[in-house]
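Heads up: the structure comes next, in structure tokens.
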Amino acid sequence: MKFNNPVIKGFYPDPSICKANGSYYLVCSSFQYFPGVPLFESKDLINWTQIGHCLTRRSQVQLDTVGSSGGVFAPTIRHDNGRFYMTTTNDTTRQNFYVWTDDIYGEWSEPIFVDQGGIDPDLYFEGGKAYFMSNGTDDLGIGGIVQCQIDIETGAKLTPSRSLWQGTGGRYLESPHMYRINGQYYLLAAEGGTEYGHMVTYARGESVTGPFEPYPHNPVLTNRNLGGYELQGVGHSDLIQDDEGNWWLFHLGFRQIGRWLTFHHLGREVFLAPVTFGEDGWFEAGHNGTTLTSFETDRIPDSVVQREKKVLTFENTDWNLDWCYLRHPAPENYKLEEGKATLKGTAVTLDVPASPTFIGIRQVDFEATIACDVRMTNGEAGITLYMDENHHYDLAIRKVEGGYQAIERLNIGDIKSVERELALGAEGHATLIIRAGHERYSFSVLADGKETPLGTAQTRYLSSEVAGGFTGVVIGLYACGEDSLAEFTNFKCEYR
Ligand code: 6LW
């Protein structure tokens, strides 16, 4: 069959994967968004269904004071002795912790903290022992991929933290994962930073504690050499063996807005590349060490068809799975029903790193038409294309003296500009429409049976290259203003 990359589209960075009970499970970073750490299931490695989140309670992760792109960093998911573990970092508090569950469809435990610094924690289980890896600095002050052995019940360190491997010289050595394959230990990592120089590297050794010998042809996977190629930033990965014995790398990457346009605003997404082991025990990945936008493979049967949900509505999405909040929401401000969202605004606006009344769904592809009916009273309510508090485009209705108006507002760093105001008269009611393309969004309003274009804005100003950070555009429904109340109905996001 032929599969297309990404296999999970939109802002789902830093994938980690494990296999258990005949299924594959995958988790991603979530930063300031709540619930934290989206969790997916697949039977065939190609089609992924979100089944939950690992961090669903405030007691598991505290996001109130988390800045944009702070909070929940790269997770690792593992299955050992019937139990699932997910370990991650709250980068804002600089704490590494893990949670566990015996029921993948159920709730996860309270956090168990590990006193080892750095980011991108990893767990490796062997012979009743649990090893904990992360990037950072060890107890002797040596940097690299750092390891200690822990008591998996309590998180207590059983051995000092020791630096295992310093990588191949790329900046930001991170994303460690340990595996035992054919009697050898493989230590996978990423280097180069999560931008255009990103890459996957690895080393192997005879013992779980090292020493480790680097693969002679590192990086094993990168797209940093591919100029004019849509897919960039390939790195941060996890290895998995399928039931037929084939190996694969799940990794992050991003899609530029155009071949020669080095901007990406949809966030870092999940990609899949085949892995092949040689007789010498070293493995290669992708196509000549790069990831392609599609792969022909006989490893997956032709009967597997890659599905894509092209139309998303209130009715066919799940408030608890597909939608997310900025930090911890105040539940009393949200009434989420089948076919309708009623949002009560507060004084918190979209322009501060706090929790405005906002519920969002990731923009997962470039070309889309997004529409929603909004009926509101006071304040302001509408749709925002949200990258962070300083980079968002808002299409909204607001109350003004004598009536209501529709507005298009651009927020790009220090520039905050209402580009167009359209008088709506005495009713705070209209259909808001956003048409998304690779390079531009266009905004219009349908009121009294007449569609009026308000303006357009370039996608690049919401990109990671402009905004910085680690997230991607989320389509948010929001209300702000202390006595504002807004009803959203007929939401539709249709991808082309
Ligand atoms: C993550 C690090 C990375 O922790 O970006 O691409 C950081 N890799 O491994 C934030 O996602």
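So you can find residues: chains in the structure tokens are A, B, ... in the order shown, residues in each start at 1, and ligands are numbered from 1 in order.
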
Test item: residues lying within 10 Å of ligand 1 with only C-alpha atoms and all ligand atoms, as number ranges by chain
A: 12-15, 28-31, 69-75, 88-91, 118-121, 134-135, 172-176, 189-195, 198-199, 233-237, 251-253, 268, 469-471

Give me, as a JSON list (two decimals) with C-alpha atoms, in the first residue's frame, all polymer residues having an atom no more than 8 Å from Arg435 in chain A, counting only C-alpha atoms and skipping those fewer than 3 positions away in the same chain.
```
[["chain", "number", "residue", "atom", "x", "y", "z"],
["A", 367, "GLU", "CA", -7.00, 24.31, 2.99],
["A", 368, "ALA", "CA", -10.25, 24.52, 4.85],
["A", 369, "THR", "CA", -13.50, 26.39, 5.23],
["A", 370, "ILE", "CA", -14.46, 27.07, 8.82],
["A", 441, "TYR", "CA", -6.76, 33.19, 5.53],
["A", 442, "SER", "CA", -9.77, 35.15, 4.36],
["A", 443, "PHE", "CA", -12.53, 36.31, 6.65]]
```

Point-to-point distance from CA of His53 in chain A to CA of Asp388 in chain A, Å rounded to tenths
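These two atoms are separated by 21.7 Å.
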
Residues near Gly286 in chain A, cut-off 10 Å, only C-alpha atoms, skip fewer than 2 positions along chain, as a PyMOL selection string
chain A and resi 220-222+248-249+272-276+284+288-292+295

Resulting file, chosen residues, C-alpha atoms, as a JSON list (two decimals), in the first residue's frame:
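File produced: part00.json:
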```
[["chain", "number", "residue", "atom", "x", "y", "z"],
["A", 220, "VAL", "CA", 19.98, 8.11, 10.67],
["A", 221, "LEU", "CA", 17.06, 10.35, 9.67],
["A", 222, "THR", "CA", 16.85, 14.04, 8.78],
["A", 248, "TRP", "CA", 9.27, 1.70, 12.07],
["A", 249, "LEU", "CA", 10.13, 5.16, 13.33],
["A", 272, "LEU", "CA", 6.04, 7.46, 9.89],
["A", 273, "ALA", "CA", 9.16, 6.10, 8.22],
["A", 274, "PRO", "CA", 10.22, 2.47, 7.65],
["A", 275, "VAL", "CA", 13.32, 1.16, 9.41],
["A", 276, "THR", "CA", 15.54, -1.64, 8.16],
["A", 284, "GLU", "CA", 18.66, 2.66, 8.45],
["A", 288, "ASN", "CA", 18.07, 7.27, 2.07],
["A", 289, "GLY", "CA", 17.77, 8.70, 5.58],
["A", 290, "THR", "CA", 15.00, 11.17, 4.81],
["A", 291, "THR", "CA", 11.25, 11.11, 5.34],
["A", 292, "LEU", "CA", 8.99, 11.44, 2.33],
["A", 295, "PHE", "CA", 5.89, 5.80, 1.14]]
```

Going by DSSP on the backbone, which bits of range 192-315 of chain A are strand (DSSP E or B)? Write them as a PyMOL selection string, please.
chain A and resi 199-205+213-214+221-222+231-241+247-255+258+261+269-277+283-285+287+290+294-296+311-313

Output the selection as a short mmCIF file (atom, residue, chain, number, x, y, z; two decimals), in the first residue's frame - N, CA and C atoms for each residue.
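Generated output (again-v4.cif):
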```
data_model
loop_
_atom_site.label_atom_id
_atom_site.label_comp_id
_atom_site.auth_asym_id
_atom_site.auth_seq_id
_atom_site.Cartn_x
_atom_site.Cartn_y
_atom_site.Cartn_z
N MET A 199 17.29 16.28 13.60
CA MET A 199 17.74 14.97 13.10
C MET A 199 17.60 13.90 14.18
N VAL A 200 17.54 12.66 13.71
CA VAL A 200 17.51 11.50 14.60
C VAL A 200 18.90 10.87 14.56
N THR A 201 19.45 10.58 15.74
CA THR A 201 20.75 9.91 15.82
C THR A 201 20.60 8.73 16.79
N TYR A 202 21.56 7.82 16.75
CA TYR A 202 21.52 6.75 17.75
C TYR A 202 22.89 6.14 17.97
N ALA A 203 22.94 5.36 19.06
CA ALA A 203 24.17 4.65 19.40
C ALA A 203 23.75 3.31 19.98
N ARG A 204 24.70 2.37 20.09
CA ARG A 204 24.33 1.09 20.69
C ARG A 204 25.46 0.60 21.60
N GLY A 205 25.10 -0.31 22.47
CA GLY A 205 26.10 -0.83 23.41
C GLY A 205 25.70 -2.18 23.93
N GLU A 213 28.26 3.19 21.43
CA GLU A 213 29.04 3.49 20.23
C GLU A 213 28.08 4.09 19.19
N PRO A 214 28.38 5.29 18.67
CA PRO A 214 27.44 5.90 17.73
C PRO A 214 27.36 5.14 16.39
N LEU A 221 18.22 9.77 10.37
CA LEU A 221 17.06 10.35 9.67
C LEU A 221 17.08 11.87 9.85
N THR A 222 16.98 12.58 8.73
CA THR A 222 16.85 14.04 8.78
C THR A 222 16.38 14.52 7.41
N LEU A 231 8.47 19.04 3.42
CA LEU A 231 8.53 18.41 4.73
C LEU A 231 9.89 18.64 5.39
N GLN A 232 9.88 19.31 6.54
CA GLN A 232 11.12 19.67 7.23
C GLN A 232 11.04 19.37 8.72
N GLY A 233 12.14 19.62 9.42
CA GLY A 233 12.15 19.52 10.88
C GLY A 233 11.98 18.10 11.39
N VAL A 234 12.44 17.14 10.60
CA VAL A 234 12.26 15.73 10.92
C VAL A 234 13.19 15.32 12.08
N GLY A 235 12.63 14.78 13.14
CA GLY A 235 13.45 14.36 14.28
C GLY A 235 12.59 13.76 15.36
N HIS A 236 12.98 13.93 16.58
CA HIS A 236 12.27 13.43 17.77
C HIS A 236 11.40 12.20 17.49
N SER A 237 11.93 11.02 17.75
CA SER A 237 11.28 9.82 17.24
C SER A 237 11.21 8.71 18.29
N ASP A 238 10.45 7.68 17.96
CA ASP A 238 10.36 6.49 18.79
C ASP A 238 10.26 5.29 17.85
N LEU A 239 10.94 4.22 18.20
CA LEU A 239 10.98 3.00 17.38
C LEU A 239 9.89 2.03 17.81
N ILE A 240 9.35 1.31 16.84
CA ILE A 240 8.37 0.27 17.18
C ILE A 240 8.50 -0.88 16.18
N GLN A 241 8.31 -2.10 16.68
CA GLN A 241 8.30 -3.28 15.81
C GLN A 241 6.85 -3.74 15.66
N TRP A 247 10.30 -2.99 11.49
CA TRP A 247 10.55 -1.86 12.38
C TRP A 247 10.16 -0.55 11.71
N TRP A 248 9.72 0.39 12.54
CA TRP A 248 9.27 1.70 12.07
C TRP A 248 9.74 2.78 13.03
N LEU A 249 9.88 3.98 12.49
CA LEU A 249 10.13 5.16 13.33
C LEU A 249 8.92 6.07 13.24
N PHE A 250 8.34 6.38 14.39
CA PHE A 250 7.36 7.46 14.46
C PHE A 250 8.13 8.71 14.87
N HIS A 251 7.92 9.80 14.16
CA HIS A 251 8.74 10.97 14.47
C HIS A 251 7.97 12.24 14.16
N LEU A 252 8.49 13.35 14.65
CA LEU A 252 7.84 14.61 14.29
C LEU A 252 8.50 15.23 13.07
N GLY A 253 7.77 16.14 12.48
CA GLY A 253 8.24 16.91 11.35
C GLY A 253 7.20 17.99 11.13
N PHE A 254 7.44 18.87 10.18
CA PHE A 254 6.39 19.85 9.88
C PHE A 254 6.31 20.10 8.39
N ARG A 255 5.15 20.59 7.99
CA ARG A 255 4.93 20.92 6.59
C ARG A 255 5.01 22.43 6.40
N GLY A 258 4.76 26.24 1.74
CA GLY A 258 5.03 26.03 0.31
C GLY A 258 6.43 25.46 0.18
N LEU A 261 8.73 28.23 0.75
CA LEU A 261 8.29 29.19 1.78
C LEU A 261 8.54 28.58 3.15
N GLU A 269 3.92 17.66 13.50
CA GLU A 269 2.93 16.61 13.26
C GLU A 269 3.60 15.24 13.36
N VAL A 270 2.80 14.18 13.24
CA VAL A 270 3.33 12.82 13.41
C VAL A 270 3.57 12.17 12.04
N PHE A 271 4.79 11.71 11.84
CA PHE A 271 5.20 11.08 10.58
C PHE A 271 5.68 9.65 10.85
N LEU A 272 5.64 8.86 9.78
CA LEU A 272 6.04 7.46 9.89
C LEU A 272 7.07 7.16 8.80
N ALA A 273 8.14 6.49 9.19
CA ALA A 273 9.16 6.10 8.22
C ALA A 273 9.58 4.66 8.51
N PRO A 274 9.78 3.85 7.45
CA PRO A 274 10.22 2.47 7.65
C PRO A 274 11.67 2.41 8.11
N VAL A 275 11.97 1.38 8.87
CA VAL A 275 13.32 1.16 9.41
C VAL A 275 13.77 -0.23 8.98
N THR A 276 15.02 -0.34 8.57
CA THR A 276 15.54 -1.64 8.16
C THR A 276 16.86 -1.93 8.87
N PHE A 277 16.91 -3.08 9.51
CA PHE A 277 18.15 -3.49 10.18
C PHE A 277 19.05 -4.23 9.18
N PHE A 283 20.74 0.02 12.01
CA PHE A 283 19.53 0.19 11.18
C PHE A 283 19.58 1.50 10.41
N GLU A 284 18.85 1.46 9.28
CA GLU A 284 18.66 2.66 8.45
C GLU A 284 17.19 3.04 8.53
N ALA A 285 16.89 4.30 8.20
CA ALA A 285 15.49 4.73 8.28
C ALA A 285 15.11 5.58 7.09
N HIS A 287 13.79 6.97 3.43
CA HIS A 287 14.30 6.77 2.08
C HIS A 287 15.65 7.47 2.02
N THR A 290 15.92 10.02 4.76
CA THR A 290 15.00 11.17 4.81
C THR A 290 13.56 10.65 4.89
N SER A 294 5.12 10.56 1.13
CA SER A 294 4.40 9.29 1.08
C SER A 294 5.40 8.16 0.87
N PHE A 295 5.05 6.99 1.33
CA PHE A 295 5.89 5.80 1.14
C PHE A 295 5.04 4.69 0.54
N GLU A 296 5.60 4.04 -0.46
CA GLU A 296 5.04 2.77 -0.98
C GLU A 296 5.64 1.68 -0.12
N VAL A 311 -14.65 16.46 7.27
CA VAL A 311 -15.61 17.44 7.77
C VAL A 311 -15.78 17.25 9.27
N LEU A 312 -15.55 18.31 10.02
CA LEU A 312 -15.72 18.23 11.47
C LEU A 312 -16.82 19.17 11.90
N THR A 313 -17.74 18.64 12.70
CA THR A 313 -18.86 19.44 13.20
C THR A 313 -18.98 19.20 14.70
#
```

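Picture a line from CA of Ala354 in chain A to CA of Asn390 in chain A; it runs 12.3 Å.
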
Skipping near chain neighbours, those fewer than 2 positions away, what residues fall within 10 Å of Glu110 in chain A using only C-alpha atoms, listed as a VMD selection string?
chain A and resid 55 57 to 61 97 to 101 107 to 108 112 to 113

Put those residues in a file: N, CA and C atoms, as an mmCIF file, in the first residue's frame.
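Okay, this is what ended up in selection.cif:
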```
data_model
loop_
_atom_site.group_PDB
_atom_site.id
_atom_site.type_symbol
_atom_site.label_atom_id
_atom_site.label_comp_id
_atom_site.auth_asym_id
_atom_site.auth_seq_id
_atom_site.Cartn_x
_atom_site.Cartn_y
_atom_site.Cartn_z
ATOM 1 N N LEU A 55 -3.498 13.322 31.026
ATOM 2 C CA LEU A 55 -3.547 14.276 32.140
ATOM 3 C C LEU A 55 -4.876 15.022 32.075
ATOM 4 N N ARG A 57 -6.680 15.843 35.044
ATOM 5 C CA ARG A 57 -7.018 16.466 36.329
ATOM 6 C C ARG A 57 -5.949 17.485 36.706
ATOM 7 N N ARG A 58 -6.412 18.534 37.339
ATOM 8 C CA ARG A 58 -5.518 19.582 37.822
ATOM 9 C C ARG A 58 -4.471 19.027 38.803
ATOM 10 N N SER A 59 -4.871 17.978 39.525
ATOM 11 C CA SER A 59 -3.938 17.398 40.499
ATOM 12 C C SER A 59 -2.763 16.691 39.828
ATOM 13 N N GLN A 60 -2.917 16.389 38.514
ATOM 14 C CA GLN A 60 -1.819 15.712 37.816
ATOM 15 C C GLN A 60 -0.825 16.705 37.227
ATOM 16 N N VAL A 61 -1.339 17.850 36.812
ATOM 17 C CA VAL A 61 -0.452 18.857 36.209
ATOM 18 C C VAL A 61 -1.046 20.231 36.455
ATOM 19 N N PHE A 97 7.991 13.687 35.709
ATOM 20 C CA PHE A 97 7.088 12.803 36.462
ATOM 21 C C PHE A 97 6.495 11.759 35.526
ATOM 22 N N TYR A 98 5.871 10.755 36.131
ATOM 23 C CA TYR A 98 5.121 9.798 35.319
ATOM 24 C C TYR A 98 3.784 9.497 35.974
ATOM 25 N N VAL A 99 2.857 9.025 35.151
ATOM 26 C CA VAL A 99 1.560 8.560 35.621
ATOM 27 C C VAL A 99 1.359 7.170 35.037
ATOM 28 N N TRP A 100 0.489 6.386 35.619
ATOM 29 C CA TRP A 100 0.264 5.032 35.106
ATOM 30 C C TRP A 100 -1.218 4.694 35.106
ATOM 31 N N THR A 101 -1.570 3.696 34.309
ATOM 32 C CA THR A 101 -2.936 3.159 34.328
ATOM 33 C C THR A 101 -2.902 1.689 33.944
ATOM 34 N N GLU A 107 -8.847 6.453 33.602
ATOM 35 C CA GLU A 107 -8.072 7.564 34.163
ATOM 36 C C GLU A 107 -6.643 7.107 34.470
ATOM 37 N N TRP A 108 -5.744 8.061 34.501
ATOM 38 C CA TRP A 108 -4.350 7.776 34.862
ATOM 39 C C TRP A 108 -4.113 8.224 36.304
ATOM 40 N N ILE A 112 3.925 10.814 39.765
ATOM 41 C CA ILE A 112 5.030 10.336 40.603
ATOM 42 C C ILE A 112 6.284 11.038 40.073
ATOM 43 N N PHE A 113 6.925 11.797 40.921
ATOM 44 C CA PHE A 113 8.036 12.652 40.472
ATOM 45 C C PHE A 113 9.367 11.916 40.566
#
```

Between A:Glu41, A:Asp64, A:Asp243, A:Asp138, single out the one closest to Pro353 in chain A, counting only C-alpha atoms.
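Closest to Pro353 in chain A, using only C-alpha atoms: A:Asp64.
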
Residue contacts of Lys2 in chain A (10 Å, only C-alpha atoms) excluding same-chain residues fewer than 3 positions away, as a list in words
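After dropping sequence-adjacent residues, the list is Ser294, Phe295, Glu296, Thr297, Asp298, Ile300, Pro301, Asp302, Val304, Val305 and Gln306 of chain A.
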
From the options A:Asp102, A:Asp318, A:Glu427, A:Glu332, which residue's atoms come nearest to Gly402 in chain A, counting only C-alpha atoms?
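Closest to Gly402 in chain A of all the choices is A:Glu427.
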
Quick one: everything within 9 Å of Arg299 in chain A, counting only C-alpha atoms, minus sequence neighbours fewer than 6 positions away in the same chain. Send it as JSON, numbers by chain.
{"A": [1, 244, 246, 274]}

Go through A:Phe11, A:Tyr229, A:Trp260, A:Phe488 one by one, measure the shortest atom-to-atom distance of each to Val37 in chain A using only C-alpha atoms, and give the residue with the smallest value.
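Ranked by minimum distance to Val37 in chain A, first place goes to A:Phe11.
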
Between A:Gly428, A:Gly167, A:Pro111, A:Gly481, which is the closest to Ile152 in chain A once you count only C-alpha atoms?
A:Pro111

Please report the interatomic distance between CA of Gly468 in chain A and CA of Leu63 in chain A in Å with one decimal.
19.6 Å

Which residues are near Ala457 in chain A? Cut-off 10 Å, only C-alpha atoms, ignore same chain within fewer than 4 positions. Put them as a list in words.
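Here the qualifying residues turn out to be Tyr393, Glu408, Arg409, Leu410, Glu419, Ala436, Glu439, Arg440, Tyr441, Ser442, Phe443, Tyr461 and Leu462 of chain A.
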
The residue from A:Asp151, A:Asp448, A:Asp242, A:Glu126 with the smallest atom-to-atom distance to Cys18 in chain A, counting only C-alpha atoms, is A:Asp242

For each of A:Gly403, A:Leu123, A:Ser68, A:Leu188, take the minimum atom-to-atom distance to Gly155 in chain A, counting only C-alpha atoms, then give the residue where this is smallest.
A:Leu123
